[in-house]
file work_20.cif (mmCIF, C-alpha atoms and all ligand atoms; chains and numbers go by the auth columns)
data_coords
#
loop_
_atom_site.group_PDB
_atom_site.id
_atom_site.type_symbol
_atom_site.label_atom_id
_atom_site.label_comp_id
_atom_site.label_asym_id
_atom_site.label_seq_id
_atom_site.Cartn_x
_atom_site.Cartn_y
_atom_site.Cartn_z
_atom_site.B_iso_or_equiv
_atom_site.auth_seq_id
_atom_site.auth_asym_id
ATOM 1 C CA MET A 1 54.256 18.345 74.261 0.00 277 A
ATOM 2 C CA LEU A 2 51.699 19.603 76.709 0.00 278 A
ATOM 3 C CA ARG A 3 49.269 20.372 73.915 0.00 279 A
ATOM 4 C CA ARG A 4 49.772 16.924 72.448 0.00 280 A
ATOM 5 C CA ARG A 5 49.133 15.273 75.800 0.00 281 A
ATOM 6 C CA LEU A 6 45.969 17.323 76.212 0.00 282 A
ATOM 7 C CA ALA A 7 44.786 16.214 72.789 0.00 283 A
ATOM 8 C CA VAL A 8 45.391 12.587 73.708 0.00 284 A
ATOM 9 C CA HIS A 9 43.466 13.059 76.949 0.00 285 A
ATOM 10 C CA LEU A 10 40.591 14.662 75.090 0.00 286 A
ATOM 11 C CA LEU A 11 40.473 11.849 72.562 0.00 287 A
ATOM 12 C CA ALA A 12 40.493 9.267 75.335 0.00 288 A
ATOM 13 C CA ALA A 13 37.709 11.096 77.156 0.00 289 A
ATOM 14 C CA LEU A 14 35.594 11.314 74.009 0.00 290 A
ATOM 15 C CA ALA A 15 36.155 7.662 73.212 0.00 291 A
ATOM 16 C CA CYS A 16 35.130 6.751 76.758 0.00 292 A
ATOM 17 C CA LEU A 17 32.009 8.880 76.536 0.00 293 A
ATOM 18 C CA ALA A 18 30.941 7.211 73.306 0.00 294 A
ATOM 19 C CA CYS A 19 31.762 3.870 74.881 0.00 295 A
ATOM 20 C CA ALA A 20 29.652 4.555 77.977 0.00 296 A
ATOM 21 C CA GLN A 21 26.715 5.796 75.935 0.00 297 A
ATOM 22 C CA THR A 22 26.627 2.771 73.667 0.00 298 A
ATOM 23 C CA ALA A 23 27.003 0.502 76.665 0.00 299 A
ATOM 24 C CA GLN A 24 24.002 2.091 78.362 0.00 300 A
ATOM 25 C CA ALA A 25 21.651 2.193 75.397 0.00 301 A
ATOM 26 C CA VAL A 26 19.867 -1.092 74.763 0.00 302 A
ATOM 27 C CA VAL A 27 17.480 -2.446 72.162 0.00 303 A
ATOM 28 C CA LEU A 28 14.590 -4.575 73.358 0.00 304 A
ATOM 29 C CA ASP A 29 14.347 -6.891 70.366 0.00 305 A
ATOM 30 C CA PHE A 30 12.500 -9.945 71.805 0.00 306 A
ATOM 31 C CA GLU A 31 14.905 -12.368 70.172 0.00 307 A
ATOM 32 C CA ASP A 32 15.092 -14.288 73.472 0.00 308 A
ATOM 33 C CA LEU A 33 11.459 -15.409 73.107 0.00 309 A
ATOM 34 C CA SER A 34 12.357 -18.770 71.651 0.00 310 A
ATOM 35 C CA CYS A 35 8.773 -20.045 71.290 0.00 311 A
ATOM 36 C CA ALA A 36 8.354 -17.650 68.355 0.00 312 A
ATOM 37 C CA ARG A 37 11.084 -19.436 66.409 0.00 313 A
ATOM 38 C CA THR A 38 8.842 -22.419 65.752 0.00 314 A
ATOM 39 C CA GLN A 39 5.347 -20.946 66.171 0.00 315 A
ATOM 40 C CA PRO A 40 3.752 -17.988 64.400 0.00 316 A
ATOM 41 C CA ILE A 41 2.438 -16.654 67.710 0.00 317 A
ATOM 42 C CA CYS A 42 2.894 -17.777 71.325 0.00 318 A
ATOM 43 C CA ASN A 43 1.751 -16.529 74.728 0.00 319 A
ATOM 44 C CA VAL A 44 4.453 -14.986 76.898 0.00 320 A
ATOM 45 C CA GLY A 45 2.283 -13.742 79.793 0.00 321 A
ATOM 46 C CA SER A 46 1.544 -10.290 81.143 0.00 322 A
ATOM 47 C CA ALA A 47 5.095 -9.053 81.774 0.00 323 A
ATOM 48 C CA TYR A 48 8.362 -9.185 79.858 0.00 324 A
ATOM 49 C CA SER A 49 11.713 -8.126 81.278 0.00 325 A
ATOM 50 C CA SER A 50 14.989 -7.741 79.426 0.00 326 A
ATOM 51 C CA LYS A 51 18.205 -5.722 79.707 0.00 327 A
ATOM 52 C CA GLY A 52 17.016 -3.727 82.745 0.00 328 A
ATOM 53 C CA TYR A 53 13.569 -2.817 81.437 0.00 329 A
ATOM 54 C CA THR A 54 10.075 -4.262 81.915 0.00 330 A
ATOM 55 C CA LEU A 55 6.996 -4.209 79.718 0.00 331 A
ATOM 56 C CA ARG A 56 3.651 -4.792 81.415 0.00 332 A
ATOM 57 C CA TYR A 57 0.396 -5.724 79.737 0.00 333 A
ATOM 58 C CA ALA A 58 -2.898 -4.458 81.177 0.00 334 A
ATOM 59 C CA PRO A 59 -6.219 -5.476 79.625 0.00 335 A
ATOM 60 C CA ALA A 60 -9.069 -3.059 78.999 0.00 336 A
ATOM 61 C CA ALA A 61 -11.351 -2.712 82.052 0.00 337 A
ATOM 62 C CA ASP A 62 -14.212 -4.548 80.315 0.00 338 A
ATOM 63 C CA ASP A 63 -12.056 -7.391 78.959 0.00 339 A
ATOM 64 C CA ASP A 64 -13.384 -10.723 80.301 0.00 340 A
ATOM 65 C CA HIS A 65 -10.673 -12.817 78.665 0.00 341 A
ATOM 66 C CA PRO A 66 -7.340 -11.018 78.825 0.00 342 A
ATOM 67 C CA VAL A 67 -4.690 -13.010 77.032 0.00 343 A
ATOM 68 C CA GLY A 68 -1.462 -11.086 77.669 0.00 344 A
ATOM 69 C CA PHE A 69 1.533 -10.487 75.474 0.00 345 A
ATOM 70 C CA HIS A 70 2.218 -12.781 72.537 0.00 346 A
ATOM 71 C CA ALA A 71 5.509 -13.138 70.746 0.00 347 A
ATOM 72 C CA ILE A 72 5.218 -12.992 66.952 0.00 348 A
ATOM 73 C CA GLY A 73 7.604 -15.033 64.883 0.00 349 A
ATOM 74 C CA LYS A 74 8.634 -15.220 61.274 0.00 350 A
ATOM 75 C CA LEU A 75 5.852 -17.731 60.539 0.00 351 A
ATOM 76 C CA TRP A 76 3.305 -14.945 61.112 0.00 352 A
ATOM 77 C CA SER A 77 3.051 -13.677 57.540 0.00 353 A
ATOM 78 C CA PRO A 78 2.373 -9.966 58.324 0.00 354 A
ATOM 79 C CA ASN A 79 5.700 -9.963 60.189 0.00 355 A
ATOM 80 C CA VAL A 80 7.717 -8.776 57.208 0.00 356 A
ATOM 81 C CA GLY A 81 11.386 -9.599 57.734 0.00 357 A
ATOM 82 C CA GLY A 82 10.596 -12.205 60.374 0.00 358 A
ATOM 83 C CA SER A 83 12.343 -10.711 63.406 0.00 359 A
ATOM 84 C CA THR A 84 10.617 -11.784 66.631 0.00 360 A
ATOM 85 C CA ALA A 85 8.213 -9.042 67.728 0.00 361 A
ATOM 86 C CA MET A 86 5.687 -8.428 70.493 0.00 362 A
ATOM 87 C CA LEU A 87 1.914 -8.026 70.463 0.00 363 A
ATOM 88 C CA ALA A 88 -0.400 -6.915 73.275 0.00 364 A
ATOM 89 C CA ASN A 89 -2.942 -9.432 72.114 0.00 365 A
ATOM 90 C CA SER A 90 -6.308 -7.941 73.023 0.00 366 A
ATOM 91 C CA CYS A 91 -8.303 -4.937 71.933 0.00 367 A
ATOM 92 C CA ASN A 92 -7.593 -1.762 73.936 0.00 368 A
ATOM 93 C CA ALA A 93 -4.942 -3.462 76.086 0.00 369 A
ATOM 94 C CA SER A 94 -2.186 -1.158 77.244 0.00 370 A
ATOM 95 C CA THR A 95 1.560 -1.741 77.299 0.00 371 A
ATOM 96 C CA THR A 96 3.696 0.101 79.846 0.00 372 A
ATOM 97 C CA LEU A 97 7.475 0.306 79.727 0.00 373 A
ATOM 98 C CA SER A 98 9.559 1.150 82.799 0.00 374 A
ATOM 99 C CA ALA A 99 13.147 0.772 83.978 0.00 375 A
ATOM 100 C CA GLN A 100 13.725 -1.966 86.556 0.00 376 A
ATOM 101 C CA SER A 101 15.989 0.424 88.484 0.00 377 A
ATOM 102 C CA GLY A 102 13.052 2.804 88.957 0.00 378 A
ATOM 103 C CA LYS A 103 15.291 5.559 87.559 0.00 379 A
ATOM 104 C CA PRO A 104 14.271 7.808 84.660 0.00 380 A
ATOM 105 C CA PHE A 105 14.838 6.480 81.181 0.00 381 A
ATOM 106 C CA SER A 106 14.714 7.881 77.665 0.00 382 A
ATOM 107 C CA VAL A 107 12.984 6.220 74.754 0.00 383 A
ATOM 108 C CA LEU A 108 14.590 7.045 71.437 0.00 384 A
ATOM 109 C CA ALA A 109 12.814 4.878 68.869 0.00 385 A
ATOM 110 C CA LEU A 110 10.796 1.742 68.226 0.00 386 A
ATOM 111 C CA ASP A 111 9.360 -0.139 65.273 0.00 387 A
ATOM 112 C CA LEU A 112 5.656 -0.683 64.628 0.00 388 A
ATOM 113 C CA ALA A 113 3.768 -2.835 62.130 0.00 389 A
ATOM 114 C CA GLU A 114 0.193 -3.752 61.394 0.00 390 A
ATOM 115 C CA ALA A 115 -0.421 -6.972 63.344 0.00 391 A
ATOM 116 C CA ASN A 116 -2.655 -8.356 60.603 0.00 392 A
ATOM 117 C CA ALA A 117 -1.365 -6.267 57.695 0.00 393 A
ATOM 118 C CA ASP A 118 -4.922 -5.077 57.243 0.00 394 A
ATOM 119 C CA ALA A 119 -5.449 -1.349 57.676 0.00 395 A
ATOM 120 C CA PRO A 120 -3.925 1.924 58.787 0.00 396 A
ATOM 121 C CA ALA A 121 -3.818 2.436 62.537 0.00 397 A
ATOM 122 C CA THR A 122 -2.938 5.109 65.037 0.00 398 A
ATOM 123 C CA VAL A 123 -0.882 4.383 68.117 0.00 399 A
ATOM 124 C CA GLU A 124 -0.884 7.003 70.867 0.00 400 A
ATOM 125 C CA PHE A 125 2.180 7.078 73.117 0.00 401 A
ATOM 126 C CA ILE A 126 1.861 8.648 76.539 0.00 402 A
ATOM 127 C CA GLY A 127 5.032 9.270 78.466 0.00 403 A
ATOM 128 C CA THR A 128 4.986 10.242 82.116 0.00 404 A
ATOM 129 C CA LYS A 129 7.825 12.510 83.188 0.00 405 A
ATOM 130 C CA THR A 130 9.414 12.138 86.603 0.00 406 A
ATOM 131 C CA ASP A 131 7.274 15.017 87.940 0.00 407 A
ATOM 132 C CA GLY A 132 4.099 13.336 86.660 0.00 408 A
ATOM 133 C CA THR A 133 3.663 15.549 83.589 0.00 409 A
ATOM 134 C CA PRO A 134 2.316 13.610 80.583 0.00 410 A
ATOM 135 C CA VAL A 135 3.790 13.905 77.086 0.00 411 A
ATOM 136 C CA ARG A 136 1.916 12.552 74.087 0.00 412 A
ATOM 137 C CA MET A 137 2.643 11.606 70.519 0.00 413 A
ATOM 138 C CA ASN A 138 0.663 9.775 67.845 0.00 414 A
ATOM 139 C CA ALA A 139 2.267 7.410 65.366 0.00 415 A
ATOM 140 C CA LEU A 140 0.382 6.565 62.189 0.00 416 A
ATOM 141 C CA LEU A 141 0.790 3.155 60.580 0.00 417 A
ATOM 142 C CA ASP A 142 0.443 3.300 56.818 0.00 418 A
ATOM 143 C CA GLY A 143 -1.735 0.189 56.501 0.00 419 A
ATOM 144 C CA LYS A 144 0.735 -1.566 54.215 0.00 420 A
ATOM 145 C CA PRO A 145 2.384 -4.758 55.433 0.00 421 A
ATOM 146 C CA GLY A 146 5.775 -4.027 56.925 0.00 422 A
ATOM 147 C CA TRP A 147 7.564 -2.135 59.651 0.00 423 A
ATOM 148 C CA GLN A 148 7.867 1.568 60.294 0.00 424 A
ATOM 149 C CA ARG A 149 10.343 3.227 62.645 0.00 425 A
ATOM 150 C CA VAL A 150 9.006 5.749 65.138 0.00 426 A
ATOM 151 C CA VAL A 151 11.583 8.255 66.399 0.00 427 A
ATOM 152 C CA PHE A 152 10.680 10.056 69.605 0.00 428 A
ATOM 153 C CA PRO A 153 11.382 13.746 70.233 0.00 429 A
ATOM 154 C CA SER A 154 13.384 14.835 73.266 0.00 430 A
ATOM 155 C CA ALA A 155 10.142 15.329 75.207 0.00 431 A
ATOM 156 C CA PHE A 156 10.294 11.552 75.627 0.00 432 A
ATOM 157 C CA TYR A 157 13.627 11.681 77.451 0.00 433 A
ATOM 158 C CA ASN A 158 13.631 11.278 81.229 0.00 434 A
ATOM 159 C CA LEU A 159 10.410 9.322 81.607 0.00 435 A
ATOM 160 C CA LYS A 160 9.098 7.355 84.540 0.00 436 A
ATOM 161 C CA THR A 161 6.867 5.268 82.265 0.00 437 A
ATOM 162 C CA LEU A 162 5.872 5.032 78.630 0.00 438 A
ATOM 163 C CA THR A 163 2.402 3.655 77.857 0.00 439 A
ATOM 164 C CA TRP A 164 0.671 2.951 74.587 0.00 440 A
ATOM 165 C CA VAL A 165 -2.670 1.340 73.841 0.00 441 A
ATOM 166 C CA GLN A 166 -3.601 -1.400 71.436 0.00 442 A
ATOM 167 C CA GLY A 167 -6.255 -0.523 68.849 0.00 443 A
ATOM 168 C CA ASP A 168 -9.941 -1.084 69.579 0.00 444 A
ATOM 169 C CA CYS A 169 -9.990 -3.645 66.719 0.00 445 A
ATOM 170 C CA VAL A 170 -12.952 -1.840 65.119 0.00 446 A
ATOM 171 C CA ASN A 171 -11.995 1.682 64.102 0.00 447 A
ATOM 172 C CA ASN A 172 -8.329 1.296 64.953 0.00 448 A
ATOM 173 C CA LYS A 173 -6.648 -1.981 64.033 0.00 449 A
ATOM 174 C CA SER A 174 -4.015 -3.698 66.133 0.00 450 A
ATOM 175 C CA HIS A 175 -0.256 -3.249 65.911 0.00 451 A
ATOM 176 C CA MET A 176 2.842 -5.186 66.963 0.00 452 A
ATOM 177 C CA PHE A 177 6.145 -3.681 68.066 0.00 453 A
ATOM 178 C CA ASP A 178 9.870 -4.426 68.057 0.00 454 A
ATOM 179 C CA ASN A 179 13.311 -2.851 68.589 0.00 455 A
ATOM 180 C CA ILE A 180 12.594 -0.440 71.432 0.00 456 A
ATOM 181 C CA LEU A 181 15.732 1.717 71.764 0.00 457 A
ATOM 182 C CA VAL A 182 16.042 2.932 75.346 0.00 458 A
ATOM 183 C CA MET A 183 18.721 4.388 77.550 0.00 459 A
ATOM 184 C CA PRO A 184 19.002 5.892 81.021 0.00 460 A
ATOM 185 C CA GLY A 185 17.617 9.405 81.491 0.00 461 A
ATOM 186 C CA ILE A 186 19.542 12.291 80.060 0.00 462 A
ATOM 187 C CA ALA A 187 19.962 15.173 82.497 0.00 463 A
ATOM 188 C CA PRO A 188 18.196 18.317 81.227 0.00 464 A
ATOM 189 C CA ARG A 189 20.546 21.160 80.261 0.00 465 A
HETATM 190 CA CA CA B . 12.987 -8.577 67.053 0.00 1 B
HETATM 191 CA CA CA B . 3.280 -0.760 57.713 0.00 2 B
#
call {"tool": "encode", "arguments": {"input": "work_20.cif", "output": "structure tokens"}}
result
Amino acid sequence: MLRRRLAVHLLAALACLACAQTAQAVVLDFEDLSCARTQPICNVGSAYSSKGYTLRYAPAADDDHPVGFHAIGKLWSPNVGGSTAMLANSCNASTTLSAQSGKPFSVLALDLAEANADAPATVEFIGTKTDGTPVRMNALLDGKPGWQRVVFPSAFYNLKTLTWVQGDCVNNKSHMFDNILVMPGIAPR
């Protein structure tokens, strides 16, 4: 009887754990940007907040006409599949993700695609750990129209910020992004 009760307790605890983890993980999917439902591309400003996280756009230092983030809709033909996505819409602009709570967060995955379906591109991700240490990873876009999923290694858990830079539009073409899977920081073992 005791053993059975223990098993029930364990099952309940495991179910709760799974429950809590799914509840805490969120996907930033940009589907709330309604202007992209009727326009191929629309300006959404220099910051976007959703589900406890914020993305900030910063133009390159020499950019005289920064234009901010733009939502990309299904009418934008390189957006294969047509799910609303996000574009830092100027060359060398950076995008920085942080948690609104100011607490550490973990980035698990996101999707990238060629913004103009034109050429391969490299996107460098730079995470900043809570102690200020940087972690880096490059993602290579294959140059073919359509989305690729980037899965981050555990070095990208427990970040203060995650930054990545738009292509220079000359040697490195621009990308758009969608479906950022994030969750609160995972305590190191
Ligand atoms: Ca989307
Ligand atoms: Ca592609």
call {"tool": "atom_distance", "arguments": {"input": "work_20.cif", "atom1": "CA of Phe453 in chain A", "atom2": "CA of Gly328 in chain A"}}
result
18.3 Å
call {"tool": "resolve_selection", "arguments": {"input": "work_20.cif", "expression": "the PyMOL selection byres (((chain A and resi 423-432) around 7) and not hetatm)", "output": "number ranges by chain"}}
result
A: 382-389, 403, 411, 415, 422, 433-435
call {"tool": "resolve_selection", "arguments": {"input": "work_20.cif", "expression": "the PyMOL selection byres (((not hetatm)) within 10 of (chain B and resi 2))", "output": "list of chain:residue names"}}
result
A:Pro354, A:Asn355, A:Val356, A:Asp387, A:Leu388, A:Ala389, A:Glu390, A:Ala391, A:Ala393, A:Asp394, A:Ala395, A:Pro396, A:Ala397, A:Leu416, A:Leu417, A:Asp418, A:Gly419, A:Lys420, A:Pro421, A:Gly422, A:Trp423, A:Gln424, A:Arg425, A:His451
call {"tool": "write_last_selection", "arguments": {"input": "work_20.cif", "atoms": "C-alpha atoms", "output": "JSON list (two decimals), in the coordinates of the input"}}
result
[["chain", "number", "residue", "atom", "x", "y", "z"],
["A", 354, "PRO", "CA", 2.37, -9.97, 58.32],
["A", 355, "ASN", "CA", 5.70, -9.96, 60.19],
["A", 356, "VAL", "CA", 7.72, -8.78, 57.21],
["A", 387, "ASP", "CA", 9.36, -0.14, 65.27],
["A", 388, "LEU", "CA", 5.66, -0.68, 64.63],
["A", 389, "ALA", "CA", 3.77, -2.84, 62.13],
["A", 390, "GLU", "CA", 0.19, -3.75, 61.39],
["A", 391, "ALA", "CA", -0.42, -6.97, 63.34],
["A", 393, "ALA", "CA", -1.36, -6.27, 57.70],
["A", 394, "ASP", "CA", -4.92, -5.08, 57.24],
["A", 395, "ALA", "CA", -5.45, -1.35, 57.68],
["A", 396, "PRO", "CA", -3.92, 1.92, 58.79],
["A", 397, "ALA", "CA", -3.82, 2.44, 62.54],
["A", 416, "LEU", "CA", 0.38, 6.56, 62.19],
["A", 417, "LEU", "CA", 0.79, 3.16, 60.58],
["A", 418, "ASP", "CA", 0.44, 3.30, 56.82],
["A", 419, "GLY", "CA", -1.74, 0.19, 56.50],
["A", 420, "LYS", "CA", 0.74, -1.57, 54.22],
["A", 421, "PRO", "CA", 2.38, -4.76, 55.43],
["A", 422, "GLY", "CA", 5.78, -4.03, 56.92],
["A", 423, "TRP", "CA", 7.56, -2.13, 59.65],
["A", 424, "GLN", "CA", 7.87, 1.57, 60.29],
["A", 425, "ARG", "CA", 10.34, 3.23, 62.64],
["A", 451, "HIS", "CA", -0.26, -3.25, 65.91]]
call {"tool": "closest_atom_pairs", "arguments": {"input": "work_20.cif", "of": "chain A", "to": "ligand CA 1 (chain B)", "cutoff": "9 Å", "atoms": "only C-alpha atoms and all ligand atoms", "output": "Markdown table"}}
result
| residue | atom | partner | partner_atom | distance |
| --- | --- | --- | --- | --- |
| A:Leu304 | CA | B:CA1 | CA | 7.6 |
| A:Asp305 | CA | B:CA1 | CA | 4.0 |
| A:Phe306 | CA | B:CA1 | CA | 5.0 |
| A:Glu307 | CA | B:CA1 | CA | 5.3 |
| A:Asp308 | CA | B:CA1 | CA | 8.8 |
| A:Ile348 | CA | B:CA1 | CA | 8.9 |
| A:Gly349 | CA | B:CA1 | CA | 8.7 |
| A:Gly358 | CA | B:CA1 | CA | 8.0 |
| A:Ser359 | CA | B:CA1 | CA | 4.3 |
| A:Thr360 | CA | B:CA1 | CA | 4.0 |
| A:Ala361 | CA | B:CA1 | CA | 4.8 |
| A:Met362 | CA | B:CA1 | CA | 8.1 |
| A:Phe453 | CA | B:CA1 | CA | 8.5 |
| A:Asp454 | CA | B:CA1 | CA | 5.3 |
| A:Asn455 | CA | B:CA1 | CA | 5.9 |
call {"tool": "atom_distance", "arguments": {"input": "work_20.cif", "atom1": "CA of Leu373 in chain A", "atom2": "CA of His346 in chain A"}}
result
15.8 Å
call {"tool": "residues_near_point", "arguments": {"input": "work_20.cif", "point": "(8.1, -21.5, 66.2)", "cutoff": "12 Å", "atoms": "all atoms listed in the file", "output": "NGL selection string"}}
result
:A and (309-319 or 347-352 or 358-360)
call {"tool": "closest_residue", "arguments": {"input": "work_20.cif", "among": "A:Thr409, A:Ser450, A:Asn392, A:Thr372", "to": "Thr330 in chain A", "atoms": "only C-alpha atoms"}}
result
A:Thr372
call {"tool": "residues_around", "arguments": {"input": "work_20.cif", "residues": "Ala337 in chain A", "least_positions_apart": "5", "cutoff": "10 Å", "atoms": "only C-alpha atoms", "output": "PyMOL selection string"}}
result
chain A and resi 342+368-369
call {"tool": "atom_distance", "arguments": {"input": "work_20.cif", "atom1": "CA of Val441 in chain A", "atom2": "CA of Ile462 in chain A"}}
result
25.5 Å
call {"tool": "residues_around", "arguments": {"input": "work_20.cif", "residues": "Ala375 in chain A", "least_positions_apart": "5", "cutoff": "12 Å", "atoms": "only C-alpha atoms", "output": "MDAnalysis selection string"}}
result
chainID A and resid 302 304 324:332 380:383 434:438 458:461
call {"tool": "closest_residue", "arguments": {"input": "work_20.cif", "among": "A:Val399, A:Lys405, A:Ile456, A:Ser322", "to": "Ala364 in chain A", "atoms": "all atoms listed in the file"}}
result
A:Ser322
call {"tool": "axis_aligned_box", "arguments": {"input": "work_20.cif", "around": "range 359-371 of chain A", "padding_each_side": "4 Å", "output": "AutoDock Vina command-line options"}}
result
--center_x 2.0 --center_y -6.5 --center_z 70.4 --size_x 28.6 --size_y 18.6 --size_z 21.9
call {"tool": "resolve_selection", "arguments": {"input": "work_20.cif", "expression": "the PyMOL selection byres (((chain A and resi 343) around 7) and not hetatm)", "output": "ChimeraX atom specification"}}
result
/A:341-342,344-345,365-366
call {"tool": "closest_residue", "arguments": {"input": "work_20.cif", "among": "A:Thr398, A:Gln376, A:Gly357, A:Gln442", "to": "Asn414 in chain A", "atoms": "all atoms listed in the file"}}
result
A:Thr398
